Structure formats: structure tokens, C-alpha cells
Protein chains: 4
Amino acid sequence: MSSASIHKHTAILDAAYELFGSMGFYETKMSEVAEHAGIAKGTVYLYFKSKEELFMAVTRRDCEGFLEQLEGKLNTCSILTDKLSVIAEHHLSYYYERKRHTNLFFRAPNNNPELVAYMALFMEAYMQAVVKVLLEGGASEPELMAQAYIGMLDRLKMDILFDPSFSEEDASKRARFAAGLFITGALGNLNSALGDLPSEL
Amino acid sequence: MSSASIHKHTAILDAAYELFGSMGFYETKMSEVAEHAGIAKGTVYLYFKSKEELFMAVTRRDCEGFLEQLEGKLNTCSILTDKLSVIAEHHLSYYYERKRHTNLFFRAPNNNPELVAYMALFMEAYMQAVVKVLLEGGASEPELMAQAYIGMLDRLKMDILFDPSFSEEDASKRARFAAGLFITGALGNLNSALGDLPSEL
Amino acid sequence: MSSASIHKHTAILDAAYELFGSMGFYETKMSEVAEHAGIAKGTVYLYFKSKEELFMAVTRRDCEGFLEQLEGKLNTCSILTDKLSVIAEHHLSYYYERKRHTNLFFRAPNNNPELVAYMALFMEAYMQAVVKVLLEGGASEPELMAQAYIGMLDRLKMDILFDPSFSEEDASKRARFAAGLFITGALGNLNSALGDLPSEL
Amino acid sequence: MSSASIHKHTAILDAAYELFGSMGFYETKMSEVAEHAGIAKGTVYLYFKSKEELFMAVTRRDCEGFLEQLEGKLNTCSILTDKLSVIAEHHLSYYYERKRHTNLFFRAPNNNPELVAYMALFMEAYMQAVVKVLLEGGASEPELMAQAYIGMLDRLKMDILFDPSFSEEDASKRARFAAGLFITGALGNLNSALGDLPSEL
DNA sequence: CATGAATGAGTATTCATTCAT
DNA sequence: CATGAATGAATACTCATTCAT
């Protein structure tokens, strides 16, 4: 692929990310993607053979970016708790930067097995990244714990997406809260009523 | 509304729930809904004035059912930890029963402000139900903690939706795990490396 | 037909006249006609077997009223010029009263042979009424002259329909103008250039 | 616009003129227009963005043709009476050629302000063309006289439209009759009863 | 006679995709 | 490689009419 080709390929992905992310799959028109990318409608099909494939490519690029950035950040620290904090900060700041593009995930095409499969792979990869950290801490049931941690983060990101007044600082504060809660649990935060806590929990 | 009318109203909602839930909004045709409900196409429009309004009605009925069932279950126990377990069990079992209908949430229509507003209300109501429980335990920052707990549960439900071999018993086990992790945190589960835990967390 | 029936029959015609006249055939809904008439949708069909038949009935009643009123007015005078004035005044005042209901004529149903035939009959009857007057004056080619006179009047009524500021007095003035022009021609109104008028005209 | 585009544009207008003219707006289907034009349904929308816009374009082309031809014919003669004859001949021959397409005017779409506005403009332009001729003859009240003349012609054309046996020669004869009547009035044609003609007429 | 719930035929319009240039 | 004119499948919604009550 020539350098001009690569440039055009990227331009299409950028335009598609912008539109799919803000409008969703069904409300985005291929002609708009072409227009945004500054090329002709037919040209899009020289690079991506269908709208669904283009959506897949956009999703893939975004997810890979998420994981690569996470790896990079995790490599900057060695202590377990720092790593858990890094995960939380990354999750929330990533979505903070993408608050205008949430429909990439919420409004994906229906009935596309390939996309479902890819999203499962992505979730698995993300989980394994967290599992790896937890295993350094000797966790038992690391996969469930990883899922739980990711879930906490994912829900705590929601206000970021929907509350326009949410600041980057708020996001960061939430990240620290999440890491703390995950590590120490709600116990220390709840009163003595929990003295009744059954031992089997 | 006559009894025949109510019956037809319900039949349409049931058919729409089935189809929206499994195919998503965009891939569900009004003619299919009518056929499933055993009535003529035009009749659907006597009960719901548009496809979007029908989708809203289906969503509303489902969300209200979720909250009502949760309230009912919470009223059967009084101890804080039991309540947290009940929440977890409810969340996971509810989705377990609906594993074939996940697209009701994942593939909703785009650009529908009314739907977005309703989902925000629902999330708020769910969160408040959890907050109420946590306040009995004297929690500080109960809203963030509620969000975090719900997030954990939501992610832990994912395998239920996507893994066909997932059993109801697996769901129940996950619920207990989630409640335990939320209350005591990962600390007890991780090794001494966490002795380094910075105090500000 | 009972008195209640007659009342209902009339109520439907009145409602239909109102709606067909202001909205046109295609933009008027049978359900609206029923609602305006204060009866149920199905009841309309007890009196008129289709929308087209109802439109025919409305048209027929209106045209018959036009002709009957004209006859009545013509009977009040005996001089030829008075009668021509009466025709003109009638034509313009009739449409003046109906300015809100022009679509009864302009927006009739397409492809309805029965309606086309009726309108031809009406025009014929109107023309014959004028012909009868002209014959009293010993006109040759009375039919063409009648058509021409009616045509003049019909066009002169247009401003009435479309110009909201048009007053009843304006309408009356136009009627007198039309009668005068018809009788004496443009000749007296035009300058000597018409001295060149070829004899064969 | 390329030559192929212009050709297609024209083909659509021709097909639409044929169908709107004979069936009326509401009974003409866009798919039929496309079929008549020998193109695909979607292609029509590349040239005209809606059925209403297409109707407007057809109407506009027809009305402009009417006025242009009239101007051309009027320029071929200089004497007032000739010009009045030309107007009459044009009016009647034009509709004679279009006898199969009367519904372009009689069955237009309802509630289209743009169309109503355009038709008003057309009528005004037509009237002004006649007014210009009358002013050369020094007429007072030229606008009312123009309207009256046009009205005469318009009514005299009706038999052309509805009587299949009407010949082009008949049309021409009517045109001469109309011009004569307009200029000299009915007076010479009526008997002495008109001696009573009140002076104010 | 009166009702109004139910029917289902009918159509304008969109937009992903193709392919001749 | 690039274009953009052309295609045609696909679908929500309306409303005249019917008929069981």
C-alpha cells in the first residue's frame, strides 16, 4: 500500500470513527463518511468492502489503542496497588477523552457475529491484562476479580459520558475511589452492623 | 380499555419484547411484531403510535419489572449483608432469564432523547435502591459505592449473556462472589505485597 | 327516512362540504367527516357508500343550490340587461360566500367518470340558463356567447378567492363591469386604433 | 450537468408531464414515472428531490412554454385586433394540443403553498401580457378587461378538453368568435330590447 | 340503526453497493 | 486507483372500508 493509500485509509477510519461514534452505526451514511474523508463514495469501497467491515475496522483500531495504551502505562510502575490505580485512571480517562463518541459501543450494528466475536476477544484481552496484575498479587479467582474491577470502572464512567459538567479531575478522583474500594472493600466504610458479617462471605 | 383490548395490548408488548430483545430495534420490523402478536399490521398502530413509542413501552415495562422485583426481594430480609446478596442475586438471575433478549438494551434506537432520558431515570432509580441499603450500613459516598457495586454485577453478568453453557447455579455463585468481594475487598485475597498499600487509598 | 335520519344525512353533508371545500378530496379523512358530524365512522357508510359518493353528493347539493338561486333571482326581473347583471352578481357573490371552500372544485378526486359527467351536466345546465336569457334578446350563437360570459365571470371571480382583502362591494362592482363589457364590448373602451377593425371580425 | 444528465432530466420531465397530466398528482406513482422515463426509481430522486418538486418543475416548464410561445406569436403582428386574435388562437390551440393533459392543472397537489404561489405568478404574467396589448389600444381598466378576456377563452376551451370530436378547426373558429365578441360586445348581436340599456353600463 | 375495533392494500423515499468511465 | 451516476430492495405508516356487537 502506497503512502497515499495509507493516508486515505487512515482518513476514512478517522471520518468513520467520528461519525459512527457520534451517530451510531445505523444513522451514519457511507456517503457522509466519504465526504468527511474528502473522497468519493466509491473510493471507500476500495478500502473497506462494506459498511460493517468499516465499522469493525474502526472498532478494532479503537480497542487496540485502548489495550496498547494500558500496557504502556502499566509498564511504568511495578507496585500492585499502583498498577490497579493505573488501570482505573486509564479506563476513566480513556472514556473521558471519547465522551463524544460513545455510540461506537452503544449503537453497533445488530446481528453481526463477527463484531460480537471481536468484542468478546477484546473483553477477554482486557480482562487478561488485569488478571496478570492480580496474579502478581497472588489472587485466587483472578478472572472473576478482574471482571468485577472492570465492571466497577465501567459503571463509574457512565456519568462521564452523560454528565457534560464532568471534569477530568472528577474522572481522576473516581479512579482513585474505585481502586481503593476494590482493594479494601466496603467494610471499612460501613458501620458495625457489619459485625454480623457471616464468615462464609 | 376493554379486556380484549388489554389482552391485545399485552400481546403486542410481548411480541415486541421478544423481537426487539433478540434482534434489536433496527432489525425488527413492525410487520413481524404484528405477525407475532397474531394481529394485523394496522392494529399495532391503534395501540402504539410509532415503532419508537412501542420500543419505549417495552423498555419501560421491563425496567419497571426489574425494580419491582428487586423491591419485593429486599423486603424479605433485613440484614445488610443479606440485602447486598439479594441485589447481586437479583441482578444476575434477572439477566439469566433474559439472556435471549439482551438487545433490548444494546441495540436501542439512536437519537431518541425520550429513551435516553428514561434510561437515565431507570439507572438513577436502581442506584437509589442500592444507596438506600448502603445508607442503612452508614456508608459514606453511598452513590459512588452503589454505582461501583452495580457495575461489578453488570460486568459479571456478561458471561451469562454470551456463554451458552452458563448455568443458573453459576449465576448464583457469581452473585455470592460479588457480594463478598464488594464487602471485604480484594485485600484478603491478595498476598502481602499489599502491605505496601499507601494509606491515602 | 326518519327525521333523525334526515338530520344526520344533512349533518354529514355539511361536515363533508366544510372539509372537502377547505382541504380538498385527498386531504380529507372520512374519520374527520364523521367527527365533524358528531357521529361514528361506520355511520357515515350507512348514508353514503363511499368517500367518492359522498363527494358527489356534496358537489351535487352545492351545484343545485347555485342553479336554484340563480333561477329565483332571474325571476325577479324581466329586462334582458337586468338579467345579465343578475347572472354576473350571482356568480360573483356565490363564490364570495364560498371563498373558504374553493377546493370543492379545485381539488376533486381524479379519475372519477361519474363526477366528470356530473360537472359537465352542471355546466350545461348553467349555460342553458344563460342561453335562455340570451335567446330572449334574439342572440345568434347563444351557446358560445353564454360560455364566453360565464368564462368572463369565472375568471373575474379568481381574485375573490385568492385575495383576502376583497370585499363584497368589490365583487358587486366587478359584476357590473362584466355585464357592461359583455354587452358593449371593448370597442368603446379602446381608442381609434380600432378604426382599423377588419370587417370580418 | 452532462449531456446524458440533461437528457435524463428531460426524460423524467416528459414522463411526469404525461402522467401528471393524464392521471393527476395523486394518482400518479413515482415508480410509474421512473418506468416511463426508462430509469430506476431511485434515479428520479437524483434529479428531483420529491414528488412535489417534480410536479412543480413540470408545471413550471409548461407555463413558461405557454408564455414564451405567446410572446413569440405576438411579435409577429402589430395591429391591436390581430394581437387579440393571436391571444385567442394561442389559448385555444395550446389547450387543444394538451387535451390529454388537463389534469396538470385540475388535479394538482393540495396544500402546496409553493405551487399556489407559482400559479398566481403565472396568471399574473399571462394577464400582464394581455394588459400590454390592451394598453396599446388605450384601454381603461385594462387588468379587469384582460381577466375577462382570458376568462372567456378559458371557458371556451372547455369543450375542447371534454368533447373528443372537437377539431383544431373548431378551436380556431372559437378563437375568432371570442376576439370578435370581446371587441364589439354582444350588443350588435342582440335585438332592440337592448335599446333599454341603462347608460351607466 | 349505530358503533368503533380491526383490517391490509398501497407508496414515497433512503442508501449501501456497483461499475462504466 | 478514483469517481459518482445509477440502481432497486426494503419498510413504516395511513386510512377507506367492514362487520361483529
# chains A, B, ... in the order shown; residues from 1 in each chain; ligands from 1

$ residues_around --residues "stretch 67-73 of chain A" --least-positions-apart "3" --cutoff "12 Å" --atoms "only C-alpha atoms (C1' of nucleotides)" --output "JSON, numbers by chain"
{"A": [60, 61, 62, 63, 64, 76, 77, 78, 82, 83, 84, 85, 86, 87, 88, 89, 90, 91, 92, 93, 94, 121, 122, 123, 124, 125, 126, 127, 128, 129, 130, 132, 133]}

$ calpha_fit_and_write --fixed "chain B" --moving "chain D" --output "short mmCIF file (atom, residue, chain, number, x, y, z; two decimals) with C-alpha atoms, in the first residue's frame"
data_model
loop_
_atom_site.label_atom_id
_atom_site.label_comp_id
_atom_site.auth_asym_id
_atom_site.auth_seq_id
_atom_site.Cartn_x
_atom_site.Cartn_y
_atom_site.Cartn_z
CA MET D 1 -59.79 -0.25 27.81
CA SER D 2 -61.75 -3.48 27.46
CA SER D 3 -60.38 -6.82 28.49
CA ALA D 4 -59.88 -7.75 24.85
CA SER D 5 -57.96 -4.52 24.37
CA ILE D 6 -55.75 -5.19 27.36
CA HIS D 7 -55.06 -8.65 26.07
CA LYS D 8 -54.07 -7.31 22.69
CA HIS D 9 -52.00 -4.54 24.22
CA THR D 10 -50.11 -7.16 26.18
CA ALA D 11 -49.75 -9.45 23.20
CA ILE D 12 -48.11 -6.66 21.24
CA LEU D 13 -45.75 -5.82 24.07
CA ASP D 14 -44.83 -9.49 24.44
CA ALA D 15 -44.16 -9.87 20.73
CA ALA D 16 -42.18 -6.67 20.63
CA TYR D 17 -40.15 -7.68 23.68
CA GLU D 18 -39.32 -10.95 22.02
CA LEU D 19 -38.22 -9.35 18.76
CA PHE D 20 -36.59 -6.14 19.95
CA GLY D 21 -34.81 -8.18 22.59
CA SER D 22 -33.37 -10.70 20.21
CA MET D 23 -32.92 -8.69 17.03
CA GLY D 24 -32.52 -5.13 18.23
CA PHE D 25 -34.57 -2.09 17.27
CA TYR D 26 -33.41 -1.59 13.72
CA GLU D 27 -33.63 -5.21 12.66
CA THR D 28 -37.13 -5.66 13.99
CA LYS D 29 -39.93 -4.98 11.56
CA MET D 30 -43.33 -3.75 12.65
CA SER D 31 -44.92 -6.33 10.39
CA GLU D 32 -43.11 -9.08 12.28
CA VAL D 33 -44.31 -7.69 15.57
CA ALA D 34 -47.88 -7.77 14.28
CA GLU D 35 -47.48 -11.29 12.97
CA HIS D 36 -46.02 -12.51 16.27
CA ALA D 37 -48.86 -10.88 18.15
CA GLY D 38 -51.35 -12.54 15.83
CA ILE D 39 -52.91 -9.33 14.60
CA ALA D 40 -52.85 -7.10 11.54
CA LYS D 41 -50.17 -4.56 10.90
CA GLY D 42 -52.48 -1.60 11.22
CA THR D 43 -53.72 -2.78 14.59
CA VAL D 44 -50.34 -2.26 16.18
CA TYR D 45 -50.76 1.43 15.43
CA LEU D 46 -54.04 1.54 17.29
CA TYR D 47 -52.13 0.73 20.46
CA PHE D 48 -48.75 2.36 19.87
CA LYS D 49 -48.39 5.31 17.62
CA SER D 50 -44.93 4.53 16.29
CA LYS D 51 -42.16 1.97 16.38
CA GLU D 52 -40.21 4.15 18.77
CA GLU D 53 -43.10 4.52 21.14
CA LEU D 54 -43.53 0.75 21.13
CA PHE D 55 -39.87 0.30 21.94
CA MET D 56 -40.19 2.77 24.79
CA ALA D 57 -43.17 0.90 26.19
CA VAL D 58 -41.35 -2.42 26.06
CA THR D 59 -38.31 -0.92 27.76
CA ARG D 60 -40.39 0.77 30.40
CA ARG D 61 -42.27 -2.39 31.27
CA ASP D 62 -39.06 -4.36 31.54
CA CYS D 63 -37.27 -1.81 33.70
CA GLU D 64 -40.24 -1.39 36.00
CA GLY D 65 -40.41 -5.15 36.41
CA PHE D 66 -36.75 -5.21 37.33
CA LEU D 67 -37.16 -2.58 40.03
CA GLU D 68 -40.40 -3.98 41.41
CA GLN D 69 -38.96 -7.44 41.77
CA LEU D 70 -35.91 -6.01 43.45
CA GLU D 71 -38.02 -4.13 45.97
CA GLY D 72 -40.00 -7.26 46.68
CA LYS D 73 -36.90 -9.32 47.31
CA LEU D 74 -35.27 -6.67 49.48
CA ASN D 75 -38.31 -6.58 51.71
CA THR D 76 -37.82 -10.25 52.57
CA CYS D 77 -34.62 -9.65 54.52
CA SER D 78 -33.35 -7.12 56.99
CA ILE D 79 -29.64 -7.70 57.44
CA LEU D 80 -27.36 -5.51 55.35
CA THR D 81 -25.23 -8.30 53.98
CA ASP D 82 -28.29 -10.28 53.03
CA LYS D 83 -29.61 -7.31 51.15
CA LEU D 84 -26.39 -6.92 49.23
CA SER D 85 -26.57 -10.59 48.35
CA VAL D 86 -30.17 -10.21 47.25
CA ILE D 87 -29.19 -7.35 44.97
CA ALA D 88 -26.48 -9.43 43.39
CA GLU D 89 -28.65 -12.48 42.98
CA HIS D 90 -31.42 -10.41 41.49
CA HIS D 91 -29.17 -8.67 39.01
CA LEU D 92 -27.63 -11.82 37.74
CA SER D 93 -30.73 -14.02 37.78
CA TYR D 94 -32.73 -11.34 36.02
CA TYR D 95 -30.33 -11.26 33.14
CA TYR D 96 -30.03 -15.01 33.25
CA GLU D 97 -33.72 -15.24 32.49
CA ARG D 98 -33.33 -12.68 29.75
CA LYS D 99 -30.24 -13.96 28.10
CA ARG D 100 -32.05 -14.21 24.79
CA HIS D 101 -33.18 -10.59 24.96
CA THR D 102 -30.08 -8.58 25.57
CA ASN D 103 -30.55 -6.43 22.53
CA LEU D 104 -33.32 -4.60 24.26
CA PHE D 105 -30.52 -2.67 25.88
CA PHE D 106 -27.64 -3.04 23.49
CA ARG D 107 -29.41 -2.21 20.25
CA ALA D 108 -31.76 0.60 21.12
CA PRO D 109 -32.75 3.28 18.62
CA ASN D 110 -30.31 6.10 18.17
CA ASN D 111 -31.12 9.73 18.70
CA ASN D 112 -34.17 9.19 20.82
CA PRO D 113 -33.98 11.72 23.64
CA GLU D 114 -37.02 10.31 25.38
CA LEU D 115 -35.41 6.89 25.59
CA VAL D 116 -32.10 8.29 26.80
CA ALA D 117 -33.94 10.25 29.45
CA TYR D 118 -35.87 7.21 30.57
CA MET D 119 -32.79 5.04 30.82
CA ALA D 120 -31.13 7.71 32.93
CA LEU D 121 -34.14 7.71 35.23
CA PHE D 122 -34.03 3.94 35.47
CA MET D 123 -30.34 3.88 36.32
CA GLU D 124 -30.90 6.55 38.91
CA ALA D 125 -33.77 4.60 40.48
CA TYR D 126 -31.73 1.41 40.55
CA MET D 127 -28.80 3.22 42.10
CA GLN D 128 -31.04 4.82 44.73
CA ALA D 129 -32.38 1.41 45.70
CA VAL D 130 -28.83 0.28 46.33
CA VAL D 131 -27.93 3.56 48.03
CA LYS D 132 -30.82 3.07 50.44
CA VAL D 133 -29.35 -0.26 51.49
CA LEU D 134 -25.87 1.16 51.86
CA LEU D 135 -27.10 4.05 53.96
CA GLU D 136 -28.50 1.59 56.45
CA GLY D 137 -24.91 0.46 56.79
CA GLY D 138 -23.79 4.03 57.31
CA ALA D 139 -21.72 4.24 54.17
CA SER D 140 -20.00 7.43 53.16
CA GLU D 141 -20.09 8.16 49.42
CA PRO D 142 -22.99 5.74 49.03
CA GLU D 143 -23.75 6.78 45.46
CA LEU D 144 -20.31 6.01 44.14
CA MET D 145 -20.32 2.75 46.06
CA ALA D 146 -23.71 1.85 44.64
CA GLN D 147 -22.51 2.57 41.13
CA ALA D 148 -19.44 0.49 41.70
CA TYR D 149 -21.43 -2.43 43.01
CA ILE D 150 -23.90 -2.30 40.14
CA GLY D 151 -21.00 -2.08 37.73
CA MET D 152 -19.37 -5.19 39.17
CA LEU D 153 -22.63 -7.07 38.83
CA ASP D 154 -23.23 -5.82 35.35
CA ARG D 155 -19.88 -6.98 34.10
CA LEU D 156 -20.14 -10.30 35.87
CA LYS D 157 -23.39 -10.89 34.07
CA MET D 158 -21.74 -10.64 30.67
CA ASP D 159 -20.62 -14.24 30.53
CA ILE D 160 -24.17 -15.21 31.28
CA LEU D 161 -25.30 -13.42 28.19
CA PHE D 162 -22.61 -14.68 25.90
CA ASP D 163 -21.69 -18.09 27.26
CA PRO D 164 -24.46 -20.55 26.36
CA SER D 165 -23.15 -23.13 28.83
CA PHE D 166 -23.62 -20.80 31.77
CA SER D 167 -26.00 -22.32 34.31
CA GLU D 168 -28.32 -20.70 36.78
CA GLU D 169 -26.13 -22.16 39.53
CA ASP D 170 -23.10 -20.42 38.02
CA ALA D 171 -25.05 -17.19 38.13
CA SER D 172 -25.86 -17.70 41.76
CA LYS D 173 -22.26 -18.48 42.61
CA ARG D 174 -21.14 -15.30 40.91
CA ALA D 175 -23.65 -13.33 42.89
CA ARG D 176 -22.19 -14.59 46.15
CA PHE D 177 -18.70 -13.88 44.92
CA ALA D 178 -19.65 -10.33 44.00
CA ALA D 179 -21.25 -9.60 47.35
CA GLY D 180 -18.23 -10.96 49.17
CA LEU D 181 -15.73 -9.04 47.09
CA PHE D 182 -17.68 -5.84 47.43
CA ILE D 183 -17.84 -6.10 51.20
CA THR D 184 -14.37 -7.27 52.08
CA GLY D 185 -12.41 -6.07 49.10
CA ALA D 186 -9.64 -7.80 47.26
CA LEU D 187 -7.23 -7.29 50.13
CA GLY D 188 -7.77 -10.53 51.97
CA ASN D 189 -7.48 -12.28 48.67
CA LEU D 190 -4.18 -10.74 47.69
CA ASN D 191 -0.77 -11.49 49.19
CA SER D 192 1.51 -9.42 51.37
CA ALA D 193 2.63 -7.27 48.48
CA LEU D 194 -0.31 -5.18 49.56
CA GLY D 195 1.38 -4.40 52.78
CA ASP D 196 2.66 -1.48 50.75
CA LEU D 197 -0.84 -0.14 50.41
CA PRO D 198 -0.57 3.61 50.74
CA SER D 199 -2.74 4.91 53.51
CA GLU D 200 -4.62 7.45 51.41
CA LEU D 201 -6.32 4.70 49.48
#

$ atom_distance --atom1 "atom C1' of E:DA16" --atom2 "atom C1' of F:DT3"
16.5 Å

$ residues_around --residues "E:DT21" --least-positions-apart "5" --cutoff "12 Å" --atoms "only C-alpha atoms (C1' of nucleotides)" --output "list in words"
DA2, DT3, DG4 and DA5 of chain F

$ closest_atom_pairs --of "chain F" --to "chain C" --cutoff "9 Å" --atoms "only C-alpha atoms (C1' of nucleotides)" --output "tab-separated table"
residue	atom	partner	partner_atom	distance
F:DC15	C1'	C:Lys29	CA	7.3
F:DA16	C1'	C:Met30	CA	7.4
F:DT17	C1'	C:Ser50	CA	8.3
F:DT18	C1'	C:Gly42	CA	8.6

$ write_last_selection --atoms "C-alpha atoms (C1' of nucleotides)" --output "short mmCIF file (atom, residue, chain, number, x, y, z; two decimals), in the first residue's frame"
data_model
loop_
_atom_site.label_atom_id
_atom_site.label_comp_id
_atom_site.auth_asym_id
_atom_site.auth_seq_id
_atom_site.Cartn_x
_atom_site.Cartn_y
_atom_site.Cartn_z
"C1'" DC F 15 -56.90 5.38 6.04
"C1'" DA F 16 -61.11 3.74 3.43
"C1'" DT F 17 -63.94 0.18 4.46
"C1'" DT F 18 -66.06 -3.77 7.01
#

$ atom_distance --atom1 "atom C1' of F:DC13" --atom2 "atom C1' of E:DA6"
15.8 Å

$ atom_distance --atom1 "atom C1' of E:DA5" --atom2 "atom C1' of F:DC19"
10.0 Å

$ interface_residues --of "chain E" --to "chain A" --cutoff "12 Å" --atoms "only C-alpha atoms (C1' of nucleotides)" --output "PyMOL selection string"
chain E and resi 14-19

$ select_by_dssp --residues "stretch 19-63 of chain A" --states "helix (DSSP H, G or I)" --output "short mmCIF file (atom, residue, chain, number, x, y, z; two decimals) with C-alpha atoms, in the first residue's frame"
data_model
loop_
_atom_site.label_atom_id
_atom_site.label_comp_id
_atom_site.auth_asym_id
_atom_site.auth_seq_id
_atom_site.Cartn_x
_atom_site.Cartn_y
_atom_site.Cartn_z
CA LEU A 19 -19.48 9.59 12.63
CA PHE A 20 -20.09 6.10 13.98
CA GLY A 21 -19.00 7.34 17.38
CA SER A 22 -21.37 10.26 17.48
CA MET A 23 -24.33 8.99 15.45
CA MET A 30 -21.43 5.83 3.85
CA SER A 31 -21.75 8.94 1.72
CA GLU A 32 -21.15 11.10 4.79
CA VAL A 33 -18.10 9.08 5.69
CA ALA A 34 -16.73 9.63 2.18
CA GLU A 35 -17.49 13.32 2.33
CA HIS A 36 -15.82 13.70 5.74
CA ALA A 37 -12.80 11.85 4.44
CA LYS A 41 -18.25 7.45 -2.27
CA GLY A 42 -16.97 4.61 -4.42
CA THR A 43 -13.46 5.02 -3.07
CA VAL A 44 -14.47 3.93 0.39
CA TYR A 45 -15.23 0.54 -1.08
CA LEU A 46 -11.72 0.21 -2.43
CA TYR A 47 -10.51 0.19 1.17
CA LYS A 51 -20.18 -0.68 5.96
CA GLU A 52 -19.97 -3.44 8.51
CA GLU A 53 -16.36 -4.15 7.74
CA LEU A 54 -15.59 -0.47 8.12
CA PHE A 55 -17.31 -0.44 11.48
CA MET A 56 -15.30 -3.47 12.51
CA ALA A 57 -12.07 -1.77 11.49
CA VAL A 58 -12.92 1.35 13.44
CA THR A 59 -13.80 -0.68 16.49
CA ARG A 60 -10.68 -2.77 16.20
CA ARG A 61 -8.41 0.23 15.94
CA ASP A 62 -10.03 1.85 18.94
CA CYS A 63 -9.87 -1.27 21.11
#
